[in-house]
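**Student:** Pasting data.cif here (mmCIF, C-alpha atoms and all ligand atoms):
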data_query
#
loop_
_atom_site.label_atom_id
_atom_site.label_comp_id
_atom_site.auth_asym_id
_atom_site.auth_seq_id
_atom_site.Cartn_x
_atom_site.Cartn_y
_atom_site.Cartn_z
CA MET A 602 117.01 86.92 171.19
CA PRO A 603 113.85 88.97 170.58
CA ILE A 604 113.21 90.74 167.27
CA SER A 605 114.59 94.23 167.08
CA ILE A 606 114.22 96.83 164.34
CA ARG A 607 116.62 99.68 163.65
CA GLN A 608 115.23 102.56 161.59
CA ILE A 609 117.40 103.15 158.50
CA THR A 610 116.37 106.61 157.24
CA PRO A 611 114.88 109.59 159.09
CA VAL A 612 111.37 108.85 157.77
CA PHE A 613 110.99 105.08 157.24
CA ALA A 614 112.51 101.64 156.53
CA GLY A 615 113.85 99.31 159.20
CA GLU A 616 116.55 96.67 159.47
CA VAL A 617 115.40 93.61 161.39
CA SER A 618 117.59 91.41 163.55
CA GLY A 619 117.00 88.55 165.96
CA VAL A 620 114.87 86.32 163.75
CA ASP A 621 115.43 83.38 161.40
CA ILE A 622 112.60 83.61 158.89
CA THR A 623 113.56 80.38 157.14
CA GLN A 624 111.97 78.60 160.13
CA PRO A 625 108.33 78.68 161.32
CA LEU A 626 107.71 81.80 163.42
CA SER A 627 105.95 82.24 166.74
CA ARG A 628 102.80 84.30 166.85
CA GLU A 629 104.70 86.99 168.76
CA ASP A 630 107.35 87.22 166.05
CA VAL A 631 104.72 87.57 163.32
CA ALA A 632 102.98 90.29 165.33
CA ALA A 633 106.28 92.14 165.82
CA ILE A 634 107.01 92.04 162.07
CA ASP A 635 103.47 93.14 161.20
CA ALA A 636 103.72 96.05 163.63
CA GLY A 637 107.12 96.91 162.13
CA MET A 638 105.58 96.95 158.65
CA ASP A 639 102.84 99.31 159.77
CA ARG A 640 105.42 101.64 161.25
CA TYR A 641 108.43 101.45 158.90
CA ALA A 642 106.67 100.31 155.64
CA VAL A 643 109.90 98.63 154.44
CA LEU A 644 111.78 95.95 156.41
CA VAL A 645 115.15 94.46 155.54
CA PHE A 646 116.20 91.00 156.75
CA HIS A 647 119.81 89.94 156.11
CA ASP A 648 121.28 86.45 155.70
CA GLN A 649 118.02 84.56 155.12
CA ARG A 650 118.75 81.51 152.97
CA LEU A 651 115.19 81.00 151.81
CA THR A 652 114.07 78.21 149.54
CA ASP A 653 111.01 78.95 147.39
CA ASP A 654 108.83 76.96 149.79
CA ALA A 655 110.24 78.67 152.88
CA GLN A 656 109.61 82.04 151.25
CA ARG A 657 106.00 81.03 150.55
CA GLU A 658 105.60 79.83 154.15
CA PHE A 659 106.96 83.07 155.57
CA THR A 660 104.73 85.09 153.25
CA ARG A 661 101.57 83.24 154.37
CA ASN A 662 102.06 84.65 157.88
CA PHE A 663 100.77 87.96 156.51
CA GLY A 664 97.89 86.89 154.28
CA THR A 665 97.07 85.10 151.04
CA LEU A 666 99.65 84.64 148.30
CA GLU A 667 98.82 86.57 145.16
CA ALA A 668 98.92 84.03 142.32
CA SER A 669 96.86 85.53 139.53
CA PRO A 670 97.78 85.76 135.86
CA GLY A 671 97.56 89.13 134.14
CA GLY A 672 100.81 90.66 135.40
CA HIS A 673 103.12 89.85 132.50
CA ILE A 674 103.35 89.19 128.78
CA ALA A 675 105.33 85.97 129.35
CA THR A 676 103.20 82.93 128.47
CA ALA A 677 102.69 80.07 130.91
CA ALA A 678 105.17 78.00 128.89
CA GLU A 679 107.80 80.74 129.11
CA ARG A 680 107.56 81.24 132.88
CA ARG A 681 110.59 80.28 134.95
CA LEU A 682 108.63 80.23 138.22
CA PRO A 683 105.08 79.19 139.15
CA LEU A 684 102.33 81.83 139.28
CA ASP A 685 102.56 82.30 143.05
CA MET A 686 106.16 83.52 142.71
CA GLN A 687 106.84 86.62 140.62
CA ASP A 688 110.04 86.45 138.63
CA ALA A 689 112.01 89.64 139.22
CA SER A 690 115.13 88.21 137.58
CA ASN A 691 116.55 88.95 134.14
CA LEU A 692 116.51 85.25 133.23
CA ASP A 693 114.70 82.88 130.91
CA LYS A 694 113.63 79.32 131.69
CA ASP A 695 117.16 78.05 131.05
CA GLN A 696 118.53 80.50 133.67
CA LYS A 697 120.15 82.61 130.92
CA PRO A 698 119.90 86.41 130.78
CA LEU A 699 117.21 87.52 128.33
CA ALA A 700 118.49 88.97 125.06
CA ARG A 701 118.63 92.75 124.87
CA ASP A 702 115.72 92.97 122.42
CA ASP A 703 113.66 90.19 124.03
CA ARG A 704 110.09 91.38 124.42
CA ARG A 705 109.93 90.09 127.99
CA ARG A 706 113.04 92.04 128.94
CA MET A 707 111.65 95.23 127.43
CA PHE A 708 108.46 94.67 129.39
CA ASN A 709 110.50 94.18 132.60
CA LEU A 710 112.22 97.53 132.04
CA GLY A 711 108.98 99.07 133.28
CA ASN A 712 110.26 98.20 136.78
CA ARG A 713 112.78 101.02 136.45
CA LEU A 714 109.86 103.44 136.89
CA TRP A 715 108.47 104.21 140.35
CA HIS A 716 105.50 101.93 140.93
CA SER A 717 103.40 100.08 143.46
CA ASP A 718 103.14 96.35 142.75
CA SER A 719 99.84 95.20 141.29
CA SER A 720 98.28 98.66 141.34
CA TYR A 721 96.95 97.56 137.93
CA ARG A 722 94.77 94.97 139.69
CA ALA A 723 91.32 95.91 140.99
CA VAL A 724 92.47 94.62 144.38
CA PRO A 725 96.04 95.90 144.63
CA ALA A 726 98.75 94.07 146.58
CA LYS A 727 99.44 94.45 150.30
CA TYR A 728 103.07 93.36 150.85
CA SER A 729 105.79 92.32 148.42
CA LEU A 730 108.65 90.13 149.64
CA LEU A 731 111.76 90.09 147.47
CA SER A 732 114.52 87.57 148.04
CA GLY A 733 117.98 88.20 146.60
CA ARG A 734 119.15 84.75 145.47
CA ILE A 735 121.87 85.95 143.11
CA VAL A 736 122.67 89.66 143.25
CA VAL A 737 124.92 91.92 141.19
CA ASP A 738 127.75 94.03 142.62
CA GLN A 739 126.98 97.21 140.74
CA GLY A 740 123.55 98.76 140.32
CA GLY A 741 120.37 96.73 140.57
CA HIS A 742 119.44 98.55 143.78
CA THR A 743 115.82 98.69 144.82
CA GLU A 744 114.78 102.21 145.78
CA PHE A 745 111.77 102.91 147.95
CA ALA A 746 109.87 106.13 148.54
CA ASP A 747 107.64 106.76 151.56
CA MET A 748 104.24 107.84 150.26
CA ARG A 749 103.04 108.80 153.77
CA ALA A 750 105.83 111.29 154.30
CA ALA A 751 105.26 112.56 150.75
CA TYR A 752 101.56 113.05 151.46
CA ASP A 753 102.25 114.81 154.78
CA ALA A 754 104.57 117.27 153.00
CA LEU A 755 101.91 118.43 150.51
CA ASP A 756 100.34 121.83 151.07
CA ASP A 757 96.76 121.95 152.29
CA ALA A 758 95.30 123.12 148.96
CA THR A 759 96.83 120.15 147.14
CA LYS A 760 95.66 117.76 149.85
CA ALA A 761 92.11 119.09 149.46
CA GLU A 762 92.25 118.90 145.67
CA ILE A 763 93.41 115.28 145.53
CA GLU A 764 91.33 113.94 148.41
CA ASP A 765 88.74 112.16 146.26
CA LEU A 766 90.56 111.81 142.96
CA VAL A 767 90.50 108.43 141.26
CA CYS A 768 93.21 107.27 138.86
CA GLU A 769 93.21 104.69 136.11
CA HIS A 770 96.03 102.14 136.32
CA SER A 771 97.21 99.69 133.68
CA LEU A 772 100.42 97.93 132.68
CA MET A 773 99.82 99.50 129.27
CA PHE A 774 100.46 102.96 130.76
CA SER A 775 103.74 102.08 132.54
CA ARG A 776 105.06 100.19 129.51
CA GLY A 777 103.77 102.84 127.13
CA ALA A 778 105.69 105.50 129.08
CA LEU A 779 108.91 103.80 127.92
CA GLY A 780 107.69 103.41 124.35
CA PHE A 781 106.70 99.77 124.68
CA THR A 782 103.36 99.97 122.95
CA GLU A 783 103.13 96.88 120.77
CA MET A 784 100.64 94.66 122.50
CA SER A 785 98.33 92.01 121.14
CA GLU A 786 94.57 92.24 121.39
CA GLN A 787 94.69 89.60 124.11
CA GLU A 788 97.28 91.58 126.09
CA ARG A 789 95.24 94.75 125.82
CA THR A 790 92.23 92.93 127.21
CA MET A 791 94.33 91.45 130.03
CA PHE A 792 95.75 94.90 130.88
CA ARG A 793 92.50 96.86 130.76
CA PRO A 794 92.64 99.76 133.24
CA VAL A 795 91.36 99.58 136.80
CA ARG A 796 90.48 102.41 139.16
CA GLN A 797 92.39 103.36 142.32
CA ARG A 798 92.02 106.20 144.77
CA LEU A 799 94.92 108.66 144.69
CA VAL A 800 94.87 109.07 148.49
CA ARG A 801 94.79 105.99 150.68
CA THR A 802 94.33 105.62 154.41
CA HIS A 803 96.20 102.86 156.20
CA PRO A 804 93.71 100.48 157.86
CA VAL A 805 95.73 100.14 161.09
CA THR A 806 97.60 103.41 161.62
CA GLY A 807 95.10 105.71 159.89
CA ARG A 808 97.97 107.48 158.10
CA ARG A 809 97.26 108.84 154.65
CA SER A 810 99.49 108.20 151.69
CA LEU A 811 99.74 108.97 148.00
CA PHE A 812 98.89 105.98 145.86
CA LEU A 813 101.22 106.74 142.98
CA SER A 814 102.48 104.28 140.41
CA ALA A 815 103.86 104.33 136.88
CA HIS A 816 100.79 102.25 136.05
CA ALA A 817 98.61 105.33 136.65
CA GLY A 818 97.87 106.89 133.27
CA GLY A 819 94.80 108.99 133.91
CA ILE A 820 92.56 110.68 136.44
CA VAL A 821 88.84 110.09 136.09
CA GLY A 822 87.16 113.24 134.71
CA TRP A 823 90.45 114.94 133.70
CA PRO A 824 91.91 115.44 130.22
CA VAL A 825 94.69 112.85 129.82
CA PRO A 826 97.65 115.23 129.28
CA GLU A 827 96.62 117.31 132.29
CA ALA A 828 96.29 114.19 134.44
CA ARG A 829 99.66 112.82 133.37
CA ALA A 830 101.41 116.14 133.89
CA PHE A 831 99.93 116.37 137.40
CA LEU A 832 100.82 112.78 138.25
CA ARG A 833 104.39 113.50 137.13
CA ASP A 834 104.50 116.51 139.44
CA LEU A 835 103.32 114.36 142.32
CA VAL A 836 105.84 111.61 141.58
CA GLU A 837 108.61 114.18 141.41
CA HIS A 838 107.54 115.59 144.76
CA ALA A 839 107.13 112.16 146.36
CA THR A 840 110.50 110.76 145.31
CA GLN A 841 112.76 113.52 146.58
CA PRO A 842 115.86 112.06 148.28
CA ARG A 843 114.48 112.89 151.73
CA PHE A 844 111.65 110.39 151.19
CA VAL A 845 113.82 107.66 149.62
CA TYR A 846 115.71 104.61 150.87
CA SER A 847 117.97 102.91 148.32
CA HIS A 848 118.57 99.26 149.14
CA ARG A 849 121.91 97.84 148.01
CA TRP A 850 121.45 94.11 147.82
CA ARG A 851 123.56 91.49 149.54
CA GLN A 852 122.94 87.87 148.66
CA TRP A 853 120.19 86.37 150.86
CA ASP A 854 118.63 89.66 151.80
CA LEU A 855 114.86 89.56 152.00
CA VAL A 856 113.15 92.93 151.72
CA VAL A 857 109.48 93.32 152.52
CA TRP A 858 107.54 96.43 151.56
CA ASP A 859 104.01 97.66 151.96
CA ASN A 860 102.66 98.61 148.53
CA ARG A 861 99.90 100.62 150.19
CA GLN A 862 102.42 103.04 151.71
CA THR A 863 105.44 103.03 149.38
CA THR A 864 106.53 103.02 145.76
CA HIS A 865 109.72 101.47 144.46
CA ARG A 866 111.89 101.00 141.40
CA VAL A 867 114.98 99.04 140.39
CA THR A 868 118.10 100.83 139.20
CA ARG A 869 120.09 99.99 136.08
CA PHE A 870 122.60 97.14 136.08
CA ASP A 871 124.64 95.07 133.64
CA GLU A 872 122.06 92.69 132.29
CA SER A 873 124.60 90.31 130.80
CA LEU A 874 125.08 89.21 134.43
CA VAL A 875 122.70 86.89 136.27
CA ARG A 876 120.47 88.62 138.80
CA ASP A 877 118.03 86.17 140.35
CA MET A 878 115.39 87.85 142.48
CA ARG A 879 112.19 86.11 143.51
CA ARG A 880 109.13 87.84 144.80
CA THR A 881 106.14 86.60 146.69
CA THR A 882 103.20 88.92 147.16
CA VAL A 883 100.56 89.18 149.84
CA ALA A 884 97.25 89.90 148.13
CA GLY A 885 95.34 92.95 149.28
CA ASP A 886 91.91 92.46 150.78
CA GLU A 887 89.88 95.20 149.15
CA MET A 888 89.50 97.57 146.25
CA THR A 889 90.42 101.20 146.96
CA VAL A 890 87.33 102.37 145.04
CA ALA A 891 84.45 100.81 143.11
CA GLN A 892 85.32 99.83 139.53
CA ALA A 893 83.62 101.30 136.50
CA ALA A 894 80.60 99.26 135.39
FE FE B 1 107.79 96.08 141.69
#
Give the structure from this file in structure tokens form.

**Tutor:**
Amino acid sequence: MPISIRQITPVFAGEVSGVDITQPLSREDVAAIDAGMDRYAVLVFHDQRLTDDAQREFTRNFGTLEASPGGHIATAAERRLPLDMQDASNLDKDQKPLARDDRRRMFNLGNRLWHSDSSYRAVPAKYSLLSGRIVVDQGGHTEFADMRAAYDALDDATKAEIEDLVCEHSLMFSRGALGFTEMSEQERTMFRPVRQRLVRTHPVTGRRSLFLSAHAGGIVGWPVPEARAFLRDLVEHATQPRFVYSHRWRQWDLVVWDNRQTTHRVTRFDESLVRDMRRTTVAGDEMTVAQAA
């Protein structure tokens, strides 16, 4: 049976059928999924019983695995998963939910804000692939917003104004927005801001999109409060229900999204329950703008 993709919302997101991604894929299948990503920006695969290695293998079809430190305050000794697999669970190394006041949990709460994965890296991520190993019944949805449709809906004056704007992104900004500000000197160095264009152009389709993220805490050349107020306006515009797909997880779903064209967030859930989500990430291949010297 060939791969087929059914569009889920009027603007984006597709549900894929006719492929078993736990097995090696043909070149045609990879091309069909890649084309689907360019078009729909979010793809949902159901009933994929991935092991960690199978998830890595599937991910490598689309580029290099991102496996760099600098994305979390958890130390190497505290990590539940190796560096090439991002831990999107609420668990510690012993597979127990983190305590309410655990610093790592408070840091993870930043994922409740709309963001683009790794926008705090000089070379931001291409795709993220999130596998639902143990899901919760209530809440814990992943919501996606289509930044292409959001860009298209801006008025011409705004499009002209933002065309060449450059933002500063850092995990300190997204965590700071929730009042998580206590970071060590070492963490501050690790999370030093990087620059990203506010408007991106997709390398294949040529479509423009807003590169918004909770990690964005400033616009180069703008007073900080003015920049943050404007970025809030843009996020509010870009995450209207008409641009959003809310994914309700079933166990063994794999959801792939293009961080260059979408933002996402997780919704609240009962964190005394186990929610085991594992993410692999396809590294991007270029900076969106030169970094400050
Ligand atoms: Fe994320």

**Student:** From the list A:Phe781, A:Val724, A:Val645, A:Ile622, which residue is nearest A:Asp703 when using all atoms listed in the file?

**Tutor:**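 Smallest separation from A:Asp703 among the options: A:Phe781.
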
**Student:** Could you check which of A:Ala689, A:Ala632, A:Ala726, A:Leu699 is closest to A:Arg713, using all atoms listed in the file?

**Tutor:**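 Ranking A:Ala689, A:Ala632, A:Ala726, A:Leu699 by distance to A:Arg713, first place goes to A:Ala689.
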
**Student:** Ligand FE 1 (chain B): which residues are within 7 Å, counting all atoms listed in the file, as a JSON list (two decimals) with C-alpha atoms, keeping the file's coordinate frame?

**Tutor:**
[["chain", "number", "residue", "atom", "x", "y", "z"],
["A", 712, "ASN", "CA", 110.26, 98.20, 136.78],
["A", 716, "HIS", "CA", 105.50, 101.93, 140.93],
["A", 717, "SER", "CA", 103.40, 100.08, 143.46],
["A", 718, "ASP", "CA", 103.14, 96.35, 142.75],
["A", 865, "HIS", "CA", 109.72, 101.47, 144.46],
["A", 866, "ARG", "CA", 111.89, 101.00, 141.40]]

**Student:** Could you tell me how far atom CA of A:Pro683 lies from atom CA of A:Ala642, in Å and to one decimal?

**Tutor:** 26.8 Å

**Student:** In Å, how far is it from atom CA of A:Ala893 to atom CA of A:Ser729?

**Tutor:**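 Spanning atom CA of A:Ala893 to atom CA of A:Ser729 is a straight-line distance of 26.7 Å.
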
**Student:** Between A:Met784, A:Ala633, A:Met686, A:Val825, which residue has the minimum interatomic distance to A:Arg704, considering all atoms listed in the file?

**Tutor:**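 Going through A:Met784, A:Ala633, A:Met686, A:Val825 one by one, the smallest distance to A:Arg704 is for A:Met784.
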
**Student:** Which residue, A:Leu730, A:Ala723, A:Ala778, A:Ala761, has the smallest gap to A:Gln892 when you use all atoms listed in the file?

**Tutor:**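 For A:Gln892, the nearest of the candidates is A:Ala723.
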
**Student:** Go through A:Met791, A:Val867, A:Val800, A:Ile820 one by one, measure the shortest atom-to-atom distance of each to A:His848 using all atoms listed in the file, and give the residue with the smallest value.

**Tutor:**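 Answer, going by the shortest atom-to-atom distance: A:Val867.
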
**Student:** Tell me which of A:Arg706, A:His838, A:Arg829, A:Arg849 sits closest to A:Ala751, counting all atoms listed in the file.

**Tutor:** A:His838

**Student:** If I put a ball of radius 12 Å at (100.4, 100.2, 129.7) in the file's coordinates, which residues poke into it when counting all atoms listed in the file, written as a PyMOL selection string?

**Tutor:** chain A and resi 672-674+708+711+720-721+769-784+788-795+814-819

**Student:** Just to confirm, what's the straight-line distance from atom CA of A:Ala830 to atom CA of A:Leu755 in Å (one decimal)?

**Tutor:**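 One can read the atom CA of A:Ala830 to atom CA of A:Leu755 distance as 16.8 Å.
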
**Student:** Can you tell me which residues surround A:Asp753 at a distance of at most 8 Å, considering all atoms listed in the file, apart from same-chain residues fewer than 4 positions away, and format the answer as a list in words?

**Tutor:**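 Skipping anything fewer than 4 positions along the chain leaves Arg749, Arg809 and Ser810 of chain A.
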
**Student:** For A:Thr676, work out the shell of residues within 12 Å, counting only C-alpha atoms and skipping chain neighbours fewer than 6 positions away, then give it as a ChimeraX atom specification.

**Tutor:** /A:670,682-684,693-694,704-705,787-788

**Student:** Using only C-alpha atoms and a cutoff of 8 Å, can you tell me which residues are near (114.2, 110.6, 155.1) in the file's coordinates, and write them out as a list of chain:residue names?

**Tutor:**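 Answer for this query, in the requested form: A:Thr610, A:Pro611, A:Val612, A:Phe613, A:Pro842, A:Arg843, A:Phe844, A:Val845, A:Tyr846.
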
**Student:** Please return the centre and edge lengths, in Å to one decimal, of a box with edges along x, y and z that contains all listed atoms of stretch 720-729 of chain A, widened by 6 Å on every side, as lines of an AutoDock Vina configuration file.

**Tutor:**
center_x = 98.6
center_y = 95.5
center_z = 144.4
size_x = 26.5
size_y = 18.3
size_z = 24.9

**Student:** Within 10 Å of A:Leu692, counting all atoms listed in the file, which residues show up once you throw out same-chain ones fewer than 2 positions away? Write them as JSON, numbers by chain, please.

**Tutor:** {"A": [680, 681, 688, 689, 690, 694, 695, 696, 697, 698, 699, 700, 705, 706, 872, 873, 874, 875, 876, 877, 878]}
